[in-house]
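Source file query22.cif; content: mmCIF, N, CA and C atoms.
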data_start
loop_
_atom_site.label_atom_id
_atom_site.label_comp_id
_atom_site.auth_asym_id
_atom_site.auth_seq_id
_atom_site.Cartn_x
_atom_site.Cartn_y
_atom_site.Cartn_z
N MET A 1 248.34 296.01 242.23
CA MET A 1 248.64 297.40 242.56
C MET A 1 249.86 297.86 241.77
N GLN A 2 249.71 298.96 241.06
CA GLN A 2 250.81 299.48 240.25
C GLN A 2 251.62 300.48 241.06
N ALA A 3 252.94 300.38 240.96
CA ALA A 3 253.82 301.27 241.71
C ALA A 3 253.78 302.68 241.13
N GLU A 4 253.98 303.65 242.01
CA GLU A 4 254.06 305.04 241.57
C GLU A 4 255.30 305.21 240.69
N LYS A 5 255.20 306.05 239.66
CA LYS A 5 256.32 306.26 238.74
C LYS A 5 256.93 307.64 238.96
N VAL A 6 258.26 307.68 238.95
CA VAL A 6 259.00 308.93 239.11
C VAL A 6 259.96 309.04 237.93
N TYR A 7 260.02 310.23 237.31
CA TYR A 7 260.86 310.46 236.13
C TYR A 7 261.91 311.53 236.47
N PHE A 8 263.19 311.18 236.25
CA PHE A 8 264.29 312.11 236.52
C PHE A 8 264.98 312.49 235.22
N ASP A 9 265.41 313.75 235.13
CA ASP A 9 266.24 314.21 234.03
C ASP A 9 267.66 314.35 234.56
N ALA A 10 268.60 313.59 234.02
CA ALA A 10 269.97 313.57 234.53
C ALA A 10 270.85 314.66 233.93
N GLU A 11 270.33 315.47 233.03
CA GLU A 11 271.14 316.48 232.36
C GLU A 11 271.72 317.47 233.35
N GLY A 12 273.07 317.55 233.41
CA GLY A 12 273.75 318.48 234.28
C GLY A 12 273.75 318.11 235.75
N GLN A 13 273.24 316.94 236.11
CA GLN A 13 273.17 316.53 237.51
C GLN A 13 274.43 315.76 237.90
N VAL A 14 274.86 315.93 239.15
CA VAL A 14 276.01 315.20 239.67
C VAL A 14 275.59 313.74 239.85
N VAL A 15 276.37 312.82 239.31
CA VAL A 15 276.00 311.41 239.25
C VAL A 15 275.72 310.81 240.63
N GLY A 16 276.60 311.03 241.58
CA GLY A 16 276.44 310.43 242.90
C GLY A 16 275.21 310.93 243.63
N ARG A 17 274.94 312.22 243.54
CA ARG A 17 273.77 312.79 244.22
C ARG A 17 272.48 312.29 243.57
N LEU A 18 272.49 312.22 242.25
CA LEU A 18 271.33 311.70 241.54
C LEU A 18 271.11 310.23 241.90
N ALA A 19 272.18 309.45 241.93
CA ALA A 19 272.08 308.02 242.22
C ALA A 19 271.54 307.77 243.61
N SER A 20 271.97 308.54 244.59
CA SER A 20 271.47 308.32 245.95
C SER A 20 269.99 308.66 246.05
N ARG A 21 269.56 309.70 245.36
CA ARG A 21 268.14 310.07 245.38
C ARG A 21 267.29 308.99 244.69
N VAL A 22 267.79 308.48 243.57
CA VAL A 22 267.08 307.44 242.84
C VAL A 22 266.99 306.16 243.68
N ALA A 23 268.09 305.80 244.36
CA ALA A 23 268.10 304.60 245.19
C ALA A 23 267.05 304.71 246.31
N LYS A 24 266.94 305.88 246.92
CA LYS A 24 265.94 306.06 247.98
C LYS A 24 264.53 305.90 247.44
N GLU A 25 264.27 306.48 246.26
CA GLU A 25 262.93 306.38 245.68
C GLU A 25 262.61 304.93 245.32
N ALA A 26 263.59 304.20 244.80
CA ALA A 26 263.36 302.80 244.43
C ALA A 26 263.11 301.94 245.65
N LEU A 27 263.80 302.21 246.75
CA LEU A 27 263.58 301.45 247.98
C LEU A 27 262.21 301.73 248.60
N LYS A 28 261.63 302.88 248.29
CA LYS A 28 260.28 303.20 248.76
C LYS A 28 259.21 302.45 247.99
N GLY A 29 259.61 301.77 246.89
CA GLY A 29 258.66 301.00 246.11
C GLY A 29 258.20 301.69 244.84
N LYS A 30 258.84 302.79 244.46
CA LYS A 30 258.45 303.53 243.26
C LYS A 30 259.24 303.03 242.05
N SER A 31 258.62 303.08 240.89
CA SER A 31 259.32 302.80 239.64
C SER A 31 260.03 304.08 239.21
N VAL A 32 261.31 303.99 238.93
CA VAL A 32 262.11 305.17 238.63
C VAL A 32 262.64 305.09 237.20
N PHE A 33 262.43 306.16 236.44
CA PHE A 33 262.92 306.27 235.07
C PHE A 33 263.85 307.47 234.99
N ILE A 34 265.05 307.26 234.42
CA ILE A 34 266.03 308.33 234.28
C ILE A 34 266.33 308.50 232.80
N VAL A 35 266.28 309.75 232.32
CA VAL A 35 266.58 310.03 230.92
C VAL A 35 267.81 310.94 230.83
N ASN A 36 268.42 311.02 229.67
CA ASN A 36 269.63 311.83 229.41
C ASN A 36 270.81 311.40 230.28
N ALA A 37 271.03 310.11 230.40
CA ALA A 37 272.12 309.61 231.23
C ALA A 37 273.48 310.07 230.72
N GLU A 38 273.62 310.24 229.41
CA GLU A 38 274.92 310.64 228.86
C GLU A 38 275.29 312.06 229.21
N LYS A 39 274.34 312.86 229.72
CA LYS A 39 274.61 314.25 230.07
C LYS A 39 274.79 314.46 231.57
N ALA A 40 274.78 313.37 232.35
CA ALA A 40 275.04 313.47 233.78
C ALA A 40 276.52 313.80 233.99
N VAL A 41 276.83 314.47 235.10
CA VAL A 41 278.17 315.02 235.33
C VAL A 41 278.89 314.28 236.45
N ILE A 42 280.17 313.99 236.21
CA ILE A 42 281.05 313.46 237.25
C ILE A 42 282.03 314.57 237.57
N THR A 43 282.12 314.95 238.85
CA THR A 43 283.02 316.03 239.23
C THR A 43 284.43 315.50 239.47
N GLY A 44 285.40 316.38 239.32
CA GLY A 44 286.80 316.03 239.51
C GLY A 44 287.56 316.28 238.23
N SER A 45 288.88 316.24 238.32
CA SER A 45 289.69 316.48 237.13
C SER A 45 289.51 315.32 236.15
N LYS A 46 289.59 315.63 234.88
CA LYS A 46 289.38 314.60 233.86
C LYS A 46 290.39 313.47 233.98
N GLU A 47 291.63 313.81 234.30
CA GLU A 47 292.67 312.79 234.42
C GLU A 47 292.33 311.80 235.52
N PHE A 48 291.88 312.32 236.68
CA PHE A 48 291.56 311.45 237.81
C PHE A 48 290.35 310.57 237.49
N VAL A 49 289.30 311.16 236.92
CA VAL A 49 288.07 310.42 236.62
C VAL A 49 288.36 309.31 235.61
N ILE A 50 289.13 309.62 234.57
CA ILE A 50 289.46 308.62 233.56
C ILE A 50 290.28 307.49 234.17
N LYS A 51 291.27 307.85 234.98
CA LYS A 51 292.10 306.83 235.63
C LYS A 51 291.27 305.94 236.54
N PHE A 52 290.37 306.54 237.32
CA PHE A 52 289.52 305.80 238.26
C PHE A 52 288.63 304.79 237.53
N PHE A 53 287.99 305.22 236.46
CA PHE A 53 287.08 304.32 235.75
C PHE A 53 287.83 303.33 234.86
N ARG A 54 288.99 303.72 234.33
CA ARG A 54 289.77 302.79 233.52
C ARG A 54 290.22 301.60 234.38
N GLU A 55 290.58 301.85 235.64
CA GLU A 55 290.95 300.75 236.54
C GLU A 55 289.79 299.78 236.73
N LYS A 56 288.57 300.32 236.82
CA LYS A 56 287.40 299.46 236.98
C LYS A 56 287.14 298.63 235.73
N VAL A 57 287.27 299.25 234.56
CA VAL A 57 287.01 298.56 233.31
C VAL A 57 288.05 297.47 233.06
N GLU A 58 289.30 297.74 233.36
CA GLU A 58 290.38 296.80 233.06
C GLU A 58 290.66 295.80 234.17
N ARG A 59 289.93 295.87 235.25
CA ARG A 59 290.14 294.96 236.39
C ARG A 59 289.74 293.54 236.01
N GLY A 60 290.43 292.57 236.54
CA GLY A 60 290.04 291.17 236.35
C GLY A 60 290.47 290.59 235.01
N ASP A 61 289.84 289.50 234.67
CA ASP A 61 290.14 288.76 233.46
C ASP A 61 289.14 289.13 232.37
N PRO A 62 289.58 289.35 231.13
CA PRO A 62 288.63 289.75 230.08
C PRO A 62 287.59 288.68 229.75
N TYR A 63 287.83 287.44 230.12
CA TYR A 63 286.88 286.38 229.83
C TYR A 63 285.99 286.02 231.02
N HIS A 64 286.50 286.20 232.23
CA HIS A 64 285.77 285.76 233.42
C HIS A 64 285.29 286.90 234.31
N GLY A 65 285.66 288.12 234.00
CA GLY A 65 285.17 289.26 234.76
C GLY A 65 286.05 289.57 235.95
N PRO A 66 285.64 290.51 236.76
CA PRO A 66 284.37 291.24 236.74
C PRO A 66 284.31 292.20 235.54
N PHE A 67 283.10 292.40 235.04
CA PHE A 67 282.89 293.24 233.89
C PHE A 67 282.27 294.56 234.33
N TYR A 68 282.78 295.66 233.81
CA TYR A 68 282.24 296.98 234.14
C TYR A 68 281.75 297.63 232.86
N PRO A 69 280.55 298.19 232.84
CA PRO A 69 279.98 298.74 231.61
C PRO A 69 280.71 299.98 231.11
N ARG A 70 280.59 300.24 229.81
CA ARG A 70 281.21 301.41 229.20
C ARG A 70 280.18 302.37 228.61
N ILE A 71 278.94 301.94 228.47
CA ILE A 71 277.89 302.77 227.89
C ILE A 71 277.27 303.61 229.02
N PRO A 72 276.98 304.91 228.78
CA PRO A 72 276.54 305.81 229.86
C PRO A 72 275.33 305.34 230.66
N ASP A 73 274.30 304.81 230.00
CA ASP A 73 273.12 304.40 230.76
C ASP A 73 273.43 303.22 231.67
N ARG A 74 274.26 302.32 231.20
CA ARG A 74 274.62 301.17 232.04
C ARG A 74 275.58 301.56 233.16
N MET A 75 276.46 302.55 232.88
CA MET A 75 277.35 303.04 233.93
C MET A 75 276.54 303.65 235.07
N LEU A 76 275.56 304.48 234.72
CA LEU A 76 274.72 305.12 235.73
C LEU A 76 273.93 304.08 236.50
N ARG A 77 273.42 303.08 235.81
CA ARG A 77 272.68 302.01 236.48
C ARG A 77 273.58 301.26 237.46
N ARG A 78 274.83 301.03 237.08
CA ARG A 78 275.78 300.34 237.95
C ARG A 78 276.11 301.19 239.18
N ILE A 79 276.21 302.50 239.00
CA ILE A 79 276.46 303.40 240.13
C ILE A 79 275.29 303.36 241.09
N ILE A 80 274.07 303.34 240.57
CA ILE A 80 272.88 303.25 241.41
C ILE A 80 272.87 301.92 242.16
N ARG A 81 273.27 300.85 241.48
CA ARG A 81 273.31 299.53 242.12
C ARG A 81 274.21 299.54 243.35
N GLY A 82 275.30 300.32 243.29
CA GLY A 82 276.20 300.40 244.43
C GLY A 82 275.58 301.06 245.65
N MET A 83 274.48 301.78 245.46
CA MET A 83 273.81 302.45 246.57
C MET A 83 272.59 301.67 247.06
N LEU A 84 272.41 300.48 246.54
CA LEU A 84 271.30 299.62 246.96
C LEU A 84 271.85 298.34 247.58
N PRO A 85 271.12 297.73 248.50
CA PRO A 85 271.53 296.43 249.02
C PRO A 85 271.12 295.34 248.02
N TYR A 86 271.77 295.32 246.85
CA TYR A 86 271.30 294.52 245.73
C TYR A 86 271.45 293.02 245.93
N LYS A 87 272.13 292.59 246.97
CA LYS A 87 272.25 291.15 247.22
C LYS A 87 271.12 290.64 248.11
N LYS A 88 270.31 291.54 248.62
CA LYS A 88 269.16 291.16 249.45
C LYS A 88 267.89 291.29 248.61
N PRO A 89 266.85 290.56 248.95
CA PRO A 89 265.60 290.60 248.16
C PRO A 89 265.03 292.01 247.99
N LYS A 90 265.07 292.80 249.05
CA LYS A 90 264.55 294.17 249.00
C LYS A 90 265.32 294.99 247.97
N GLY A 91 266.64 294.86 247.93
CA GLY A 91 267.47 295.60 246.99
C GLY A 91 267.32 295.11 245.56
N LYS A 92 267.16 293.79 245.39
CA LYS A 92 266.96 293.24 244.05
C LYS A 92 265.69 293.78 243.43
N GLU A 93 264.62 293.79 244.22
CA GLU A 93 263.34 294.30 243.72
C GLU A 93 263.44 295.79 243.40
N ALA A 94 264.13 296.54 244.25
CA ALA A 94 264.30 297.98 244.01
C ALA A 94 265.11 298.21 242.74
N PHE A 95 266.16 297.43 242.53
CA PHE A 95 267.01 297.60 241.35
C PHE A 95 266.25 297.28 240.07
N LYS A 96 265.33 296.32 240.13
CA LYS A 96 264.52 295.98 238.95
C LYS A 96 263.60 297.13 238.56
N ARG A 97 263.25 297.99 239.52
CA ARG A 97 262.35 299.11 239.25
C ARG A 97 263.06 300.32 238.65
N VAL A 98 264.38 300.28 238.53
CA VAL A 98 265.16 301.41 237.99
C VAL A 98 265.42 301.18 236.51
N LYS A 99 265.01 302.15 235.68
CA LYS A 99 265.25 302.10 234.24
C LYS A 99 266.01 303.36 233.85
N VAL A 100 267.10 303.20 233.09
CA VAL A 100 267.94 304.33 232.70
C VAL A 100 268.04 304.36 231.17
N TYR A 101 267.91 305.57 230.60
CA TYR A 101 267.95 305.73 229.15
C TYR A 101 268.92 306.82 228.75
N ASN A 102 269.59 306.61 227.60
CA ASN A 102 270.34 307.69 226.95
C ASN A 102 269.32 308.48 226.16
N SER A 103 269.37 309.79 226.23
CA SER A 103 268.40 310.70 225.60
C SER A 103 267.00 310.42 226.13
N VAL A 104 265.98 310.92 225.45
CA VAL A 104 264.60 310.74 225.91
C VAL A 104 263.87 309.84 224.92
N PRO A 105 263.45 308.64 225.33
CA PRO A 105 262.72 307.77 224.41
C PRO A 105 261.33 308.33 224.11
N GLU A 106 260.75 307.92 223.01
CA GLU A 106 259.44 308.43 222.61
C GLU A 106 258.37 308.12 223.64
N THR A 107 258.47 306.97 224.31
CA THR A 107 257.45 306.59 225.30
C THR A 107 257.44 307.53 226.51
N LEU A 108 258.57 308.20 226.78
CA LEU A 108 258.65 309.09 227.94
C LEU A 108 258.69 310.56 227.55
N SER A 109 258.44 310.89 226.30
CA SER A 109 258.58 312.27 225.84
C SER A 109 257.59 313.22 226.50
N GLY A 110 256.42 312.74 226.89
CA GLY A 110 255.42 313.61 227.51
C GLY A 110 255.45 313.59 229.03
N ALA A 111 256.37 312.86 229.62
CA ALA A 111 256.42 312.72 231.08
C ALA A 111 256.91 314.01 231.75
N ASN A 112 256.47 314.22 232.98
CA ASN A 112 256.90 315.37 233.77
C ASN A 112 258.23 315.02 234.44
N LEU A 113 259.34 315.53 233.90
CA LEU A 113 260.67 315.17 234.38
C LEU A 113 261.08 316.01 235.58
N ILE A 114 261.61 315.34 236.60
CA ILE A 114 262.11 316.02 237.79
C ILE A 114 263.60 316.23 237.61
N SER A 115 264.05 317.45 237.88
CA SER A 115 265.47 317.74 237.86
C SER A 115 265.86 318.04 239.30
N PRO A 116 266.56 317.11 239.99
CA PRO A 116 266.87 317.29 241.40
C PRO A 116 267.58 318.62 241.68
N GLY A 117 267.48 319.10 242.91
CA GLY A 117 267.86 320.44 243.29
C GLY A 117 269.27 320.91 243.00
N GLU A 118 270.24 320.02 242.97
CA GLU A 118 271.64 320.45 242.80
C GLU A 118 271.83 321.17 241.47
N ALA A 119 272.56 322.28 241.52
CA ALA A 119 272.80 323.09 240.31
C ALA A 119 273.60 322.29 239.29
N GLY A 120 273.52 322.67 238.06
CA GLY A 120 274.18 321.97 236.97
C GLY A 120 275.67 322.21 236.93
N LYS A 121 276.29 321.81 235.82
CA LYS A 121 277.74 321.85 235.69
C LYS A 121 278.32 323.25 235.55
N SER A 122 277.48 324.27 235.34
CA SER A 122 278.00 325.61 235.09
C SER A 122 278.78 326.17 236.28
N ALA A 123 278.47 325.72 237.50
CA ALA A 123 279.13 326.24 238.69
C ALA A 123 280.46 325.54 238.97
N ARG A 124 280.78 324.50 238.23
CA ARG A 124 281.98 323.71 238.51
C ARG A 124 283.04 323.95 237.44
N LYS A 125 284.28 323.92 237.87
CA LYS A 125 285.37 324.06 236.92
C LYS A 125 285.82 322.70 236.41
N LYS A 126 285.88 321.71 237.29
CA LYS A 126 286.38 320.40 236.91
C LYS A 126 285.22 319.41 236.89
N PHE A 127 284.88 318.95 235.69
CA PHE A 127 283.81 317.97 235.56
C PHE A 127 283.95 317.26 234.23
N MET A 128 283.18 316.20 234.08
CA MET A 128 283.16 315.41 232.86
C MET A 128 281.80 314.75 232.75
N THR A 129 281.22 314.69 231.57
CA THR A 129 279.93 314.03 231.43
C THR A 129 280.14 312.53 231.26
N LEU A 130 279.11 311.75 231.56
CA LEU A 130 279.20 310.30 231.38
C LEU A 130 279.40 309.94 229.91
N GLY A 131 278.84 310.73 229.00
CA GLY A 131 279.04 310.49 227.57
C GLY A 131 280.49 310.61 227.17
N GLU A 132 281.15 311.69 227.65
CA GLU A 132 282.58 311.87 227.38
C GLU A 132 283.39 310.72 227.94
N LEU A 133 283.09 310.36 229.19
CA LEU A 133 283.83 309.30 229.87
C LEU A 133 283.68 307.98 229.13
N SER A 134 282.49 307.65 228.71
CA SER A 134 282.30 306.36 228.04
C SER A 134 283.03 306.32 226.70
N GLN A 135 283.09 307.45 226.00
CA GLN A 135 283.86 307.48 224.76
C GLN A 135 285.34 307.29 225.05
N ARG A 136 285.84 307.87 226.13
CA ARG A 136 287.24 307.70 226.51
C ARG A 136 287.53 306.25 226.93
N MET A 137 286.51 305.54 227.45
CA MET A 137 286.68 304.15 227.87
C MET A 137 286.60 303.19 226.69
N GLY A 138 286.24 303.71 225.52
CA GLY A 138 286.23 302.87 224.32
C GLY A 138 284.86 302.51 223.79
N ALA A 139 283.79 303.09 224.34
CA ALA A 139 282.45 302.80 223.83
C ALA A 139 282.24 303.50 222.51
N LYS A 140 281.51 302.85 221.63
CA LYS A 140 281.14 303.49 220.37
C LYS A 140 279.94 304.36 220.63
N LYS A 141 279.94 305.57 220.12
CA LYS A 141 278.85 306.50 220.39
C LYS A 141 277.60 306.04 219.64
N THR A 142 276.58 305.67 220.40
CA THR A 142 275.32 305.22 219.81
C THR A 142 274.14 305.97 220.38
N TRP A 143 274.38 307.08 221.06
CA TRP A 143 273.27 307.80 221.68
C TRP A 143 273.06 309.14 221.03
#
Let me see the structure of the file written as structure tokens.
Amino acid sequence: MQAEKVYFDAEGQVVGRLASRVAKEALKGKSVFIVNAEKAVITGSKEFVIKFFREKVERGDPYHGPFYPRIPDRMLRRIIRGMLPYKKPKGKEAFKRVKVYNSVPETLSGANLISPGEAGKSARKKFMTLGELSQRMGAKKTW
């Protein structure tokens, strides 16, 4: 039996709200695909967001971890992992069903993308995209 597939467009979406919706869909047994991860929005002042994520990246030992991703698609996947019970079998299986991509890959170009209800970044004064944040964290732009 093949799982139902759900496709999300992260462009202009608030990261936490998108992540919680994706986690719920994955726990229901659906395969979830997210595109345009670098265009997802984190709300708050840029200084606070950069400080918050820099602490996560620089935490621990550079050789032994914990390691925190710097690339937008992996950052979004890690945020989704935080909303799943990933240490339990149910959460591990759900997390395996989540696929995140920067931009839109050719294999998903014809898919019907869902853009969750929350309005985009135009209504907010203080925000930052995951792409901007990852560049500030030191990632090389490859998307």
Measuring atom to atom with all atoms listed in the file, identify which of A:Tyr63, A:Ser45, A:Asn112, A:Gly91 is nearest to Lys125 in chain A.
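Answer, going by the shortest atom-to-atom distance: A:Ser45.
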Report the distance between atom N of Glu106 in chain A and CA of Tyr7 in chain A in Å, rounded to one decimal place.
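Calculated distance between atom N of Glu106 in chain A and CA of Tyr7 in chain A is 13.4 Å.
Per DSSP on the backbone, strand (DSSP E or B) in range 26-88 of chain A comprises A:Ser31, A:Val32, A:Phe33, A:Ile34, A:Val35, A:Val41, A:Ile42, A:Thr43, A:Asp61, A:Gly65.
Distances to Met75 in chain A were evaluated for A:Lys5, A:Arg97, A:Lys56, A:Lys24 using only C-alpha atoms, and the minimum falls at A:Lys56.
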Answer as an MDAnalysis selection string, residues within 12 Å of (263.7, 308.3, 226.2) using only C-alpha atoms
chainID A and resid 7:10 33:38 73 99:111 113 143
Separation of CA of Gln13 in chain A from CA of Arg59 in chain A, in Å and rounded to one decimal
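Computed distance, CA of Gln13 in chain A to CA of Arg59 in chain A, equals 27.5 Å.
With all atoms listed in the file as the basis for measurement, A:Ile80 is the residue among A:Ala40, A:Ile80, A:Ile71, A:Val49 that approaches Ala19 in chain A most closely.
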Interatomic distance (Å, one decimal) between atom N of Lys30 in chain A and atom C of Val98 in chain A:
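Interatomic distance, atom N of Lys30 in chain A to atom C of Val98 in chain A: 10.4 Å.
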Quick check on the file I pasted: which residues fall under the PyMOL selection byres (((chain A and resi 92 and name CA) around 12) and name CA)? Write them as number ranges by chain.
A: 23, 26-27, 29, 80-91, 93-98
Okay, now the selection with N, CA and C atoms, as a compact mmCIF listing (two decimals), keeping the file's coordinate frame?
# COMPACT_ATOMS: atom_id res chain seq x y z
N ALA A 23 268.09 305.80 244.36
CA ALA A 23 268.10 304.60 245.19
C ALA A 23 267.05 304.71 246.31
N ALA A 26 263.59 304.20 244.80
CA ALA A 26 263.36 302.80 244.43
C ALA A 26 263.11 301.94 245.65
N LEU A 27 263.80 302.21 246.75
CA LEU A 27 263.58 301.45 247.98
C LEU A 27 262.21 301.73 248.60
N GLY A 29 259.61 301.77 246.89
CA GLY A 29 258.66 301.00 246.11
C GLY A 29 258.20 301.69 244.84
N ILE A 80 274.07 303.34 240.57
CA ILE A 80 272.88 303.25 241.41
C ILE A 80 272.87 301.92 242.16
N ARG A 81 273.27 300.85 241.48
CA ARG A 81 273.31 299.53 242.12
C ARG A 81 274.21 299.54 243.35
N GLY A 82 275.30 300.32 243.29
CA GLY A 82 276.20 300.40 244.43
C GLY A 82 275.58 301.06 245.65
N MET A 83 274.48 301.78 245.46
CA MET A 83 273.81 302.45 246.57
C MET A 83 272.59 301.67 247.06
N LEU A 84 272.41 300.48 246.54
CA LEU A 84 271.30 299.62 246.96
C LEU A 84 271.85 298.34 247.58
N PRO A 85 271.12 297.73 248.50
CA PRO A 85 271.53 296.43 249.02
C PRO A 85 271.12 295.34 248.02
N TYR A 86 271.77 295.32 246.85
CA TYR A 86 271.30 294.52 245.73
C TYR A 86 271.45 293.02 245.93
N LYS A 87 272.13 292.59 246.97
CA LYS A 87 272.25 291.15 247.22
C LYS A 87 271.12 290.64 248.11
N LYS A 88 270.31 291.54 248.62
CA LYS A 88 269.16 291.16 249.45
C LYS A 88 267.89 291.29 248.61
N PRO A 89 266.85 290.56 248.95
CA PRO A 89 265.60 290.60 248.16
C PRO A 89 265.03 292.01 247.99
N LYS A 90 265.07 292.80 249.05
CA LYS A 90 264.55 294.17 249.00
C LYS A 90 265.32 294.99 247.97
N GLY A 91 266.64 294.86 247.93
CA GLY A 91 267.47 295.60 246.99
C GLY A 91 267.32 295.11 245.56
N GLU A 93 264.62 293.79 244.22
CA GLU A 93 263.34 294.30 243.72
C GLU A 93 263.44 295.79 243.40
N ALA A 94 264.13 296.54 244.25
CA ALA A 94 264.30 297.98 244.01
C ALA A 94 265.11 298.21 242.74
N PHE A 95 266.16 297.43 242.53
CA PHE A 95 267.01 297.60 241.35
C PHE A 95 266.25 297.28 240.07
N LYS A 96 265.33 296.32 240.13
CA LYS A 96 264.52 295.98 238.95
C LYS A 96 263.60 297.13 238.56
N ARG A 97 263.25 297.99 239.52
CA ARG A 97 262.35 299.11 239.25
C ARG A 97 263.06 300.32 238.65
N VAL A 98 264.38 300.28 238.53
CA VAL A 98 265.16 301.41 237.99
C VAL A 98 265.42 301.18 236.51
Counting all atoms listed in the file, find residues at most 6 Å from (279.3, 318.4, 235.7) (file frame) and give them as number ranges by chain.
A: 12-13, 40-43, 120-121, 127-129
